[in-house]
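Note: the block below is model_17.txt and it holds compact mmCIF, C-alpha atoms and all ligand atoms.
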```txt
# COMPACT_ATOMS: atom_id res chain seq x y z
CA MET A 1 -25.88 -84.86 -95.41
CA ASN A 2 -22.57 -86.20 -94.27
CA LYS A 3 -23.22 -89.37 -92.36
CA ILE A 4 -20.85 -91.71 -90.72
CA LYS A 5 -22.55 -95.07 -90.73
CA HIS A 6 -20.36 -96.93 -88.34
CA ILE A 7 -18.67 -95.00 -85.67
CA PHE A 8 -16.18 -96.99 -83.72
CA LEU A 9 -16.19 -96.18 -80.08
CA PRO A 10 -13.37 -97.45 -77.97
CA LEU A 11 -14.78 -97.77 -74.48
CA LEU A 12 -13.58 -94.93 -72.34
CA LEU A 13 -12.96 -97.46 -69.65
CA GLY A 14 -13.66 -101.13 -69.84
CA VAL A 15 -16.65 -101.78 -67.65
CA VAL A 16 -17.21 -105.31 -66.48
CA LEU A 17 -20.30 -106.21 -64.58
CA ILE A 18 -19.63 -108.19 -61.48
CA TYR A 19 -22.20 -109.81 -59.34
CA SER A 20 -21.85 -110.47 -55.69
CA CYS A 21 -24.12 -113.17 -54.53
CA ASP A 22 -25.60 -113.93 -51.24
CA ASP A 23 -24.94 -117.57 -50.38
CA ASP A 24 -28.51 -118.43 -49.48
CA ASN A 25 -30.54 -117.38 -52.47
CA ASN A 26 -28.10 -116.03 -55.08
CA THR A 27 -29.91 -112.70 -55.26
CA PHE A 28 -28.03 -109.76 -56.69
CA VAL A 29 -26.64 -107.37 -54.08
CA ASN A 30 -26.19 -103.74 -54.96
CA PRO A 31 -22.90 -102.71 -53.32
CA PHE A 32 -23.99 -99.05 -53.45
CA ALA A 33 -27.47 -99.49 -51.99
CA ASP A 34 -26.71 -97.14 -49.09
CA ILE A 35 -25.87 -94.17 -51.27
CA ASN A 36 -28.36 -91.31 -51.27
CA HIS A 37 -27.88 -89.86 -54.72
CA LEU A 38 -29.73 -86.64 -54.00
CA ALA A 39 -27.39 -85.96 -51.05
CA LEU A 40 -24.42 -87.00 -53.18
CA SER A 41 -25.43 -84.57 -55.92
CA ILE A 42 -25.37 -81.72 -53.38
CA SER A 43 -22.03 -82.68 -51.83
CA ASP A 44 -20.51 -83.26 -55.29
CA ASN A 45 -21.51 -79.77 -56.34
CA ASP A 46 -19.97 -78.32 -53.17
CA SER A 47 -16.76 -80.25 -53.86
CA ILE A 48 -16.53 -79.01 -57.44
CA VAL A 49 -17.20 -75.39 -56.42
CA GLN A 50 -14.47 -75.65 -53.78
CA PHE A 51 -12.10 -77.04 -56.40
CA LEU A 52 -12.91 -74.20 -58.79
CA LYS A 53 -12.30 -71.64 -56.04
CA ASN A 54 -8.97 -73.20 -55.10
CA ASN A 55 -7.45 -73.61 -58.57
CA TYR A 56 -6.68 -71.57 -61.68
CA TYR A 57 -5.95 -72.24 -65.33
CA ASP A 58 -2.28 -71.72 -66.14
CA VAL A 59 -2.07 -70.59 -69.77
CA ALA A 60 1.65 -71.23 -70.12
CA THR A 61 1.40 -74.90 -69.24
CA ASP A 62 -2.20 -75.42 -70.41
CA SER A 63 -3.04 -76.96 -67.05
CA VAL A 64 -5.05 -76.51 -63.87
CA LYS A 65 -2.99 -75.57 -60.83
CA THR A 66 -3.49 -74.72 -57.17
CA LEU A 67 -4.28 -71.02 -56.81
CA VAL A 68 -1.35 -68.71 -56.07
CA SER A 69 -1.19 -64.99 -55.45
CA GLY A 70 -1.69 -62.94 -58.62
CA GLU A 71 -3.83 -65.54 -60.39
CA ILE A 72 -7.63 -65.67 -60.63
CA ALA A 73 -9.53 -68.74 -59.48
CA LEU A 74 -11.44 -70.70 -62.12
CA TYR A 75 -14.64 -69.92 -60.24
CA ASP A 76 -14.05 -66.17 -60.42
CA GLN A 77 -13.40 -66.07 -64.17
CA LYS A 78 -17.10 -65.62 -64.79
CA GLU A 79 -16.74 -64.72 -68.46
CA LYS A 80 -14.94 -68.02 -69.12
CA LEU A 81 -17.05 -70.27 -66.94
CA THR A 82 -20.38 -71.68 -68.09
CA ILE A 83 -22.59 -73.43 -65.52
CA MET A 84 -25.04 -75.77 -67.21
CA ASP A 85 -28.08 -77.40 -65.67
CA ALA A 86 -28.39 -81.04 -66.65
CA LYS A 87 -30.78 -83.79 -65.68
CA ARG A 88 -29.97 -87.45 -65.33
CA TYR A 89 -32.10 -90.22 -63.81
CA ASP A 90 -34.53 -87.51 -62.60
CA LEU A 91 -31.89 -85.69 -60.56
CA ASP A 92 -30.65 -82.18 -61.29
CA TYR A 93 -26.95 -81.52 -61.69
CA LYS A 94 -24.66 -78.64 -62.51
CA LEU A 95 -21.88 -79.07 -65.02
CA TYR A 96 -19.03 -76.54 -65.04
CA ILE A 97 -17.31 -75.69 -68.31
CA TYR A 98 -14.20 -73.54 -68.39
CA HIS A 99 -13.68 -72.17 -71.90
CA ILE A 100 -10.18 -71.99 -73.29
CA LYS A 101 -10.94 -71.56 -77.01
CA GLU A 102 -14.27 -71.63 -78.83
CA GLY A 103 -13.03 -73.40 -81.95
CA ASN A 104 -12.74 -72.25 -85.55
CA PRO A 105 -14.27 -74.60 -88.16
CA ILE A 106 -13.42 -72.33 -91.11
CA HIS A 107 -10.00 -72.73 -92.73
CA PRO A 108 -8.42 -69.24 -92.82
CA ASP A 109 -7.38 -69.56 -96.50
CA PHE A 110 -9.66 -72.14 -98.07
CA GLY A 111 -12.71 -72.22 -95.79
CA GLU A 112 -16.28 -71.13 -96.45
CA ALA A 113 -18.90 -69.84 -94.05
CA SER A 114 -20.88 -73.04 -94.58
CA ASP A 115 -18.06 -75.06 -92.97
CA ASP A 116 -19.30 -73.73 -89.63
CA LYS A 117 -21.84 -76.28 -88.38
CA GLY A 118 -22.33 -74.38 -85.15
CA ASN A 119 -22.38 -76.39 -81.94
CA PRO A 120 -23.21 -80.10 -81.69
CA THR A 121 -26.46 -81.12 -80.04
CA ILE A 122 -26.40 -83.45 -77.04
CA ALA A 123 -26.99 -86.37 -79.43
CA ASP A 124 -24.43 -85.67 -82.13
CA SER A 125 -21.47 -88.02 -82.58
CA ILE A 126 -18.30 -86.20 -81.74
CA TYR A 127 -14.65 -86.54 -82.69
CA ALA A 128 -12.48 -85.32 -79.84
CA LYS A 129 -9.19 -85.36 -78.01
CA TYR A 130 -9.34 -85.56 -74.25
CA SER A 131 -7.62 -86.34 -71.00
CA GLY A 132 -9.42 -87.25 -67.80
CA GLN A 133 -8.57 -86.99 -64.11
CA SER A 134 -10.55 -87.51 -60.91
CA ILE A 135 -11.10 -84.56 -58.60
CA LEU A 136 -9.88 -86.02 -55.31
CA SER A 137 -10.18 -82.91 -53.13
CA SER A 138 -10.24 -79.13 -53.47
CA SER A 139 -6.50 -79.23 -54.05
CA GLU A 140 -5.78 -82.61 -55.57
CA LEU A 141 -6.33 -84.32 -58.90
CA SER A 142 -5.58 -87.94 -59.68
CA ALA A 143 -3.12 -88.93 -62.38
CA VAL A 144 -4.59 -88.98 -65.89
CA PHE A 145 -6.68 -92.16 -66.10
CA ASP A 146 -7.40 -91.97 -69.82
CA SER A 147 -6.46 -89.73 -72.71
CA ASN A 148 -6.33 -89.47 -76.47
CA THR A 149 -4.11 -87.01 -78.30
CA SER A 150 -5.13 -87.59 -81.92
CA GLY A 151 -8.94 -87.92 -81.82
CA ASN A 152 -11.57 -90.60 -81.23
CA TRP A 153 -15.20 -90.84 -82.29
CA PHE A 154 -17.83 -91.01 -79.57
CA SER A 155 -21.45 -91.88 -80.13
CA TYR A 156 -24.24 -90.95 -77.71
CA GLU A 157 -25.52 -94.44 -76.95
CA ARG A 158 -22.08 -95.66 -75.92
CA LEU A 159 -20.94 -92.65 -73.97
CA ALA A 160 -20.50 -93.57 -70.31
CA VAL A 161 -19.77 -90.01 -69.15
CA ARG A 162 -23.07 -88.29 -69.86
CA GLY A 163 -21.60 -84.93 -68.87
CA TRP A 164 -19.78 -84.95 -72.21
CA SER A 165 -23.03 -84.82 -74.19
CA PHE A 166 -24.02 -81.63 -72.43
CA GLY A 167 -20.54 -80.09 -72.30
CA PHE A 168 -19.73 -80.39 -75.99
CA THR A 169 -22.81 -78.36 -76.95
CA ASN A 170 -20.75 -75.31 -75.93
CA LEU A 171 -17.92 -75.89 -78.39
CA LYS A 172 -17.25 -75.54 -82.08
CA ALA A 173 -15.14 -77.91 -84.14
CA GLY A 174 -11.83 -77.12 -85.81
CA TYR A 175 -10.90 -77.29 -89.50
CA LEU A 176 -8.96 -79.85 -91.51
CA LYS A 177 -5.35 -79.07 -92.23
CA LYS A 178 -4.62 -78.65 -95.95
CA GLU A 179 -1.54 -78.33 -98.12
CA ASP A 180 -0.41 -74.77 -98.87
CA ASN A 181 -2.10 -74.90 -102.29
CA GLY A 182 -5.40 -76.02 -100.75
CA ASP A 183 -5.05 -79.70 -101.65
CA THR A 184 -5.93 -82.41 -99.17
CA PHE A 185 -3.17 -82.63 -96.58
CA ASN A 186 -0.65 -85.32 -97.50
CA GLY A 187 -0.36 -86.88 -94.03
CA PRO A 188 -2.44 -88.11 -91.15
CA ILE A 189 -5.88 -86.49 -90.82
CA THR A 190 -5.16 -83.42 -88.77
CA TYR A 191 -7.58 -80.89 -87.33
CA LEU A 192 -6.47 -77.45 -86.21
CA GLU A 193 -8.09 -74.92 -83.89
CA GLY A 194 -10.70 -77.23 -82.36
CA GLY A 195 -12.75 -75.81 -79.50
CA LYS A 196 -11.04 -76.38 -76.16
CA SER A 197 -12.61 -76.50 -72.73
CA ILE A 198 -12.24 -78.12 -69.36
CA PHE A 199 -15.28 -79.98 -68.07
CA PHE A 200 -15.86 -80.38 -64.33
CA ILE A 201 -18.38 -83.21 -64.12
CA PRO A 202 -20.28 -84.36 -61.02
CA SER A 203 -20.34 -88.09 -60.42
CA GLY A 204 -24.03 -88.25 -61.28
CA LEU A 205 -23.15 -87.29 -64.86
CA SER A 206 -20.21 -89.69 -65.08
CA TYR A 207 -19.82 -93.19 -63.61
CA THR A 208 -22.76 -92.97 -61.23
CA SER A 209 -23.75 -96.03 -59.23
CA ILE A 210 -27.35 -95.30 -60.19
CA ASN A 211 -26.39 -97.24 -63.33
CA PRO A 212 -25.39 -100.86 -62.50
CA ASN A 213 -23.01 -100.84 -65.49
CA ASN A 214 -20.74 -98.62 -63.39
CA TYR A 215 -20.55 -100.77 -60.25
CA ALA A 216 -17.18 -102.21 -61.19
CA SER A 217 -15.66 -99.01 -62.56
CA THR A 218 -12.68 -97.66 -60.63
CA LEU A 219 -14.24 -94.23 -61.20
CA VAL A 220 -17.66 -95.00 -59.76
CA ASN A 221 -19.22 -91.98 -57.98
CA GLN A 222 -16.18 -89.76 -58.55
CA ASN A 223 -16.20 -86.17 -59.77
CA LEU A 224 -14.14 -85.90 -62.93
CA MET A 225 -12.19 -83.24 -64.79
CA PHE A 226 -11.72 -83.60 -68.54
CA LYS A 227 -9.64 -81.37 -70.78
CA VAL A 228 -11.25 -81.71 -74.18
CA GLU A 229 -10.84 -80.49 -77.74
CA LEU A 230 -13.66 -80.86 -80.25
CA LEU A 231 -12.24 -81.66 -83.68
CA ASP A 232 -15.39 -82.52 -85.63
CA PHE A 233 -18.94 -83.80 -85.19
CA VAL A 234 -21.75 -85.35 -87.23
CA GLN A 235 -24.39 -82.68 -87.55
CA PHE A 236 -27.96 -84.02 -87.19
CA THR A 237 -26.77 -87.45 -86.04
CA ASP A 238 -29.65 -89.85 -86.66
CA HIS A 239 -28.92 -93.12 -84.84
CA ASP A 240 -31.85 -95.09 -86.24
CA ASN A 241 -31.83 -93.50 -89.73
CA ASP A 242 -35.54 -92.69 -89.53
CA GLY A 243 -35.04 -89.19 -90.92
CA ARG A 244 -35.42 -87.48 -87.55
CA PRO A 245 -32.18 -86.32 -85.92
CA SER A 246 -31.71 -88.03 -82.56
CA SER A 247 -31.75 -84.66 -80.81
CA GLU A 248 -35.39 -84.31 -81.93
CA GLU A 249 -36.35 -87.69 -80.44
CA ASP A 250 -36.28 -86.37 -76.87
CA ALA A 251 -40.05 -86.26 -76.44
CA ASN A 252 -40.02 -85.01 -72.86
CA ASP A 253 -37.30 -82.47 -73.70
CA ASP A 254 -35.09 -83.19 -70.69
CA GLY A 255 -31.79 -83.68 -72.56
CA ASP A 256 -31.89 -87.45 -71.96
CA LEU A 257 -32.66 -89.68 -74.95
CA GLU A 258 -32.77 -92.85 -72.90
CA ASN A 259 -36.07 -92.15 -71.14
CA ASP A 260 -38.39 -91.54 -74.09
CA PHE A 261 -40.46 -94.62 -74.96
CA ASN A 262 -43.48 -93.88 -77.15
CA ASP A 263 -43.95 -97.09 -79.11
CA ASN A 264 -46.29 -99.42 -77.23
CA SER A 265 -45.28 -102.35 -79.42
CA GLN A 266 -41.60 -101.92 -78.43
CA PRO A 267 -41.78 -100.46 -74.92
CA GLY A 268 -38.12 -101.15 -74.12
CA VAL A 269 -36.62 -99.35 -77.12
CA PRO A 270 -36.00 -95.62 -76.76
CA ASP A 271 -37.43 -93.53 -79.59
CA TYR A 272 -34.01 -92.46 -80.90
CA LEU A 273 -33.11 -96.12 -81.54
CA ASN A 274 -36.55 -97.06 -82.89
CA ARG A 275 -37.14 -96.57 -86.60
CA ASP A 276 -40.88 -97.04 -86.16
CA ILE A 277 -41.37 -93.89 -84.14
CA CA B 301 -33.85 -90.77 -85.65
CA CA B 302 -35.93 -87.50 -72.72
CA CA B 303 -36.81 -92.95 -84.01
```
Could you write out this structure as structure tokens?
Amino acid sequence: MNKIKHIFLPLLLGVVLIYSCDDDNNTFVNPFADINHLALSISDNDSIVQFLKNNYYDVATDSVKTLVSGEIALYDQKEKLTIMDAKRYDLDYKLYIYHIKEGNPIHPDFGEASDDKGNPTIADSIYAKYSGQSILSSSELSAVFDSNTSGNWFSYERLAVRGWSFGFTNLKAGYLKKEDNGDTFNGPITYLEGGKSIFFIPSGLSYTSINPNNYASTLVNQNLMFKVELLDFVQFTDHDNDGRPSSEEDANDDGDLENDFNDNSQPGVPDYLNRDI
């Protein structure tokens, strides 16, 4: 099995924990204590649906634009839009995935059927290009806040935008560029025909204030849009090297690996990071 032992993950956004203290007793104050996350999940979904109804995908410029006469709204392109149910911190969310290209992992001249690893699981480490924007209103996106045009590795336990884990399960990887005679390409590692999609991610599956690590993020509680391309992934990623792929260490089968604790001697360590279970 092809394993990458150390996957470097540049933080999508530097997150620094800040603490605001009350002068009298120095207790930690949650600046988002007033937010009702169930209500937010409902209004976020409404906002994303409105955005999808008010915008279309422009093939020529490979971009999302405000709907004009003669074009079809993202929301109405039912055959290209996947709506996924996803759970996070015991709340239910919907993730919207607009498919541009499925991805072709088999080199047209030198590939074999076995090069097709299928789709990654939620837990598999992924190698992807991306660009991210905030959805500010039904007709407005922010400037790109982060992007990568050559490919970065992302590992489940360090992924701040949990919507990615779910979204990438819909894509296939691309194939490695080769020389014309089939030799290894004499140049930078280059993948062609990776699966391309646009993810529309509710705040609860991105920088939610349910997680204190996000309090200081400039993107806290914002709905996000990511254009992504899956270049490669590590099939059967096994974070703790215990022989069980991480995707099979989700004991309660809710798509979240961070809430399964079945080792009484190490109650704070999730199963997928615990070699003893
Ligand atoms: Ca494992
Ligand atoms: Ca779980
Ligand atoms: Ca384990």
Distance criterion (only C-alpha atoms): nearest to A:Asp76 out of A:Leu52, A:Val29, A:Ile106, A:Val64: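 Under the stated criterion, the closest residue is A:Leu52.
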Within 12 Å of stretch 111-113 of chain A using only C-alpha atoms, minus same-chain residues under 4 positions, as a list in words: Asn104, Pro105, Ile106, His107, Lys117, Gly118, Gly174, Tyr175, Leu176, Lys177, Lys178 and Gly182 of chain A
Selected residue, from A:Asp115, A:Gly163, A:Ser206, A:Glu140, that lies nearest to A:Leu67 when counting all atoms listed in the file: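 The answer is A:Glu140, which sits nearest to A:Leu67.
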List all protein, DNA and RNA residues that have any atom at most 7 Å from ligand CA 303 (chain B), counting only C-alpha atoms and all ligand atoms, and write the list as a tab-separated table (two decimals) with C-alpha atoms, in the coordinates of the input.
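Contents of out.tsv, as written:
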```
chain	number	residue	atom	x	y	z
A	240	ASP	CA	-31.85	-95.09	-86.24
A	242	ASP	CA	-35.54	-92.69	-89.53
A	244	ARG	CA	-35.42	-87.48	-87.55
A	249	GLU	CA	-36.35	-87.69	-80.44
A	271	ASP	CA	-37.43	-93.53	-79.59
A	272	TYR	CA	-34.01	-92.46	-80.90
A	273	LEU	CA	-33.11	-96.12	-81.54
A	274	ASN	CA	-36.55	-97.06	-82.89
A	275	ARG	CA	-37.14	-96.57	-86.60
A	276	ASP	CA	-40.88	-97.04	-86.16
A	277	ILE	CA	-41.37	-93.89	-84.14
```
Option closest in space to ligand CA 302 (chain B), from A:Ser209, A:Asn148, A:Asn264, A:Ser247 [counting all atoms listed in the file]: A:Ser247
Using all atoms listed in the file: which of A:Asn252, A:Ser142, A:Val161, A:Ala123 has the shortest distance to A:Asp90: A:Asn252
Using all atoms listed in the file, tabulate the residues of chain A lying at most 12 Å from any atom of ligand CA 302 (chain B), each with its closest atom pair and that distance in Å to one decimal, by chain and increasing residue number, as JSON lines.
```
{"residue": "A:Ala86", "atom": "CA", "partner": "B:CA302", "partner_atom": "CA", "distance": 11.6}
{"residue": "A:Lys87", "atom": "CA", "partner": "B:CA302", "partner_atom": "CA", "distance": 9.5}
{"residue": "A:Arg88", "atom": "CA", "partner": "B:CA302", "partner_atom": "CA", "distance": 9.5}
{"residue": "A:Tyr89", "atom": "CA", "partner": "B:CA302", "partner_atom": "CA", "distance": 10.1}
{"residue": "A:Asp90", "atom": "CA", "partner": "B:CA302", "partner_atom": "CA", "distance": 10.2}
{"residue": "A:Ile122", "atom": "CA", "partner": "B:CA302", "partner_atom": "CA", "distance": 11.2}
{"residue": "A:Ala123", "atom": "CA", "partner": "B:CA302", "partner_atom": "CA", "distance": 11.2}
{"residue": "A:Ser246", "atom": "CA", "partner": "B:CA302", "partner_atom": "CA", "distance": 10.7}
{"residue": "A:Ser247", "atom": "CA", "partner": "B:CA302", "partner_atom": "CA", "distance": 9.5}
{"residue": "A:Glu248", "atom": "CA", "partner": "B:CA302", "partner_atom": "CA", "distance": 9.8}
{"residue": "A:Glu249", "atom": "CA", "partner": "B:CA302", "partner_atom": "CA", "distance": 7.7}
{"residue": "A:Asp250", "atom": "CA", "partner": "B:CA302", "partner_atom": "CA", "distance": 4.3}
{"residue": "A:Ala251", "atom": "CA", "partner": "B:CA302", "partner_atom": "CA", "distance": 5.7}
{"residue": "A:Asn252", "atom": "CA", "partner": "B:CA302", "partner_atom": "CA", "distance": 4.8}
{"residue": "A:Asp253", "atom": "CA", "partner": "B:CA302", "partner_atom": "CA", "distance": 5.3}
{"residue": "A:Asp254", "atom": "CA", "partner": "B:CA302", "partner_atom": "CA", "distance": 4.8}
{"residue": "A:Gly255", "atom": "CA", "partner": "B:CA302", "partner_atom": "CA", "distance": 5.6}
{"residue": "A:Asp256", "atom": "CA", "partner": "B:CA302", "partner_atom": "CA", "distance": 4.1}
{"residue": "A:Leu257", "atom": "CA", "partner": "B:CA302", "partner_atom": "CA", "distance": 4.5}
{"residue": "A:Glu258", "atom": "CA", "partner": "B:CA302", "partner_atom": "CA", "distance": 6.2}
{"residue": "A:Asn259", "atom": "CA", "partner": "B:CA302", "partner_atom": "CA", "distance": 4.9}
{"residue": "A:Asp260", "atom": "CA", "partner": "B:CA302", "partner_atom": "CA", "distance": 4.9}
{"residue": "A:Phe261", "atom": "CA", "partner": "B:CA302", "partner_atom": "CA", "distance": 8.7}
{"residue": "A:Asn262", "atom": "CA", "partner": "B:CA302", "partner_atom": "CA", "distance": 10.8}
{"residue": "A:Pro270", "atom": "CA", "partner": "B:CA302", "partner_atom": "CA", "distance": 9.1}
{"residue": "A:Asp271", "atom": "CA", "partner": "B:CA302", "partner_atom": "CA", "distance": 9.3}
{"residue": "A:Tyr272", "atom": "CA", "partner": "B:CA302", "partner_atom": "CA", "distance": 9.8}
```
Let me see the file: selected residues, C-alpha atoms, as a CSV table (one decimal), keeping the file's coordinate frame.
```csv
chain,number,residue,atom,x,y,z
A,86,ALA,CA,-28.4,-81.0,-66.6
A,87,LYS,CA,-30.8,-83.8,-65.7
A,88,ARG,CA,-30.0,-87.4,-65.3
A,89,TYR,CA,-32.1,-90.2,-63.8
A,90,ASP,CA,-34.5,-87.5,-62.6
A,122,ILE,CA,-26.4,-83.4,-77.0
A,123,ALA,CA,-27.0,-86.4,-79.4
A,246,SER,CA,-31.7,-88.0,-82.6
A,247,SER,CA,-31.8,-84.7,-80.8
A,248,GLU,CA,-35.4,-84.3,-81.9
A,249,GLU,CA,-36.4,-87.7,-80.4
A,250,ASP,CA,-36.3,-86.4,-76.9
A,251,ALA,CA,-40.0,-86.3,-76.4
A,252,ASN,CA,-40.0,-85.0,-72.9
A,253,ASP,CA,-37.3,-82.5,-73.7
A,254,ASP,CA,-35.1,-83.2,-70.7
A,255,GLY,CA,-31.8,-83.7,-72.6
A,256,ASP,CA,-31.9,-87.4,-72.0
A,257,LEU,CA,-32.7,-89.7,-75.0
A,258,GLU,CA,-32.8,-92.8,-72.9
A,259,ASN,CA,-36.1,-92.2,-71.1
A,260,ASP,CA,-38.4,-91.5,-74.1
A,261,PHE,CA,-40.5,-94.6,-75.0
A,262,ASN,CA,-43.5,-93.9,-77.2
A,270,PRO,CA,-36.0,-95.6,-76.8
A,271,ASP,CA,-37.4,-93.5,-79.6
A,272,TYR,CA,-34.0,-92.5,-80.9
```
Spatial neighbours of A:Val228, max dist 6 Å, only C-alpha atoms, sep filter under 3 positions, as a PyMOL selection string: chain A and resi 129-130+196-197
Using only C-alpha atoms and all ligand atoms: which of A:Gly151, A:Gln133, A:Glu193, A:Asp124 has the shortest distance to ligand CA 301 (chain B):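 Between A:Gly151, A:Gln133, A:Glu193, A:Asp124, the residue approaching ligand CA 301 (chain B) most closely is A:Asp124.
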A:Ser265, A:Asn241, A:Ser217, A:Asp44 ranked by distance to ligand CA 301 (chain B), top pick (using all atoms listed in the file): A:Asn241
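Around the coordinate (-25.0, -89.1, -86.1), residues that reach within 8 Å when counting all atoms listed in the file are Lys3, Ile4, Lys5, Ala123, Asp124, Ser125, Ser155, Val234, Gln235, Phe236, Thr237, Asp238, His239, Pro245 and Ser246 of chain A.
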Atom CA of A:Phe200 to atom CA of A:Ser137, straight-line distance in Å: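 The value is 12.8 Å.
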Separation of atom CA of A:Tyr207 from atom CA of A:Ala160 in Å: 6.7 Å
Å distance separating atom CA of A:Phe199 from atom CA of A:Asn36, one decimal place: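 Distance reported for this atom pair: 24.1 Å.
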So for stretch 237-241 of chain A, what box centre and size do we get, axis-aligned, 3 Å extra on each of the six sides, every listed atom, Å to one decimal, as lines of an AutoDock Vina configuration file?
```
center_x = -29.3
center_y = -91.3
center_z = -87.3
size_x = 11.1
size_y = 13.6
size_z = 10.9
```
Exercise: A:Thr169 partners within 8 Å, all atoms listed in the file, chain neighbours under 5 positions left out, as a list in words: Asn119, Pro120, Thr121 and Ile122 of chain A
Find the residues around A:Lys101 up to 12 Å (all atoms listed in the file counted), leave out those fewer than 3 positions away in its own chain, and share them as a JSON list (two decimals) with C-alpha atoms, in the coordinates of the input.
```json
[["chain", "number", "residue", "atom", "x", "y", "z"],
["A", 59, "VAL", "CA", -2.07, -70.59, -69.77],
["A", 62, "ASP", "CA", -2.20, -75.42, -70.41],
["A", 80, "LYS", "CA", -14.94, -68.02, -69.12],
["A", 81, "LEU", "CA", -17.05, -70.27, -66.94],
["A", 97, "ILE", "CA", -17.31, -75.69, -68.31],
["A", 98, "TYR", "CA", -14.20, -73.54, -68.39],
["A", 104, "ASN", "CA", -12.74, -72.25, -85.55],
["A", 170, "ASN", "CA", -20.75, -75.31, -75.93],
["A", 171, "LEU", "CA", -17.92, -75.89, -78.39],
["A", 172, "LYS", "CA", -17.25, -75.54, -82.08],
["A", 173, "ALA", "CA", -15.14, -77.91, -84.14],
["A", 174, "GLY", "CA", -11.83, -77.12, -85.81],
["A", 192, "LEU", "CA", -6.47, -77.45, -86.21],
["A", 193, "GLU", "CA", -8.09, -74.92, -83.89],
["A", 194, "GLY", "CA", -10.70, -77.23, -82.36],
["A", 195, "GLY", "CA", -12.75, -75.81, -79.50],
["A", 196, "LYS", "CA", -11.04, -76.38, -76.16],
["A", 197, "SER", "CA", -12.61, -76.50, -72.73],
["A", 198, "ILE", "CA", -12.24, -78.12, -69.36],
["A", 227, "LYS", "CA", -9.64, -81.37, -70.78],
["A", 228, "VAL", "CA", -11.25, -81.71, -74.18],
["A", 229, "GLU", "CA", -10.84, -80.49, -77.74],
["A", 230, "LEU", "CA", -13.66, -80.86, -80.25]]
```
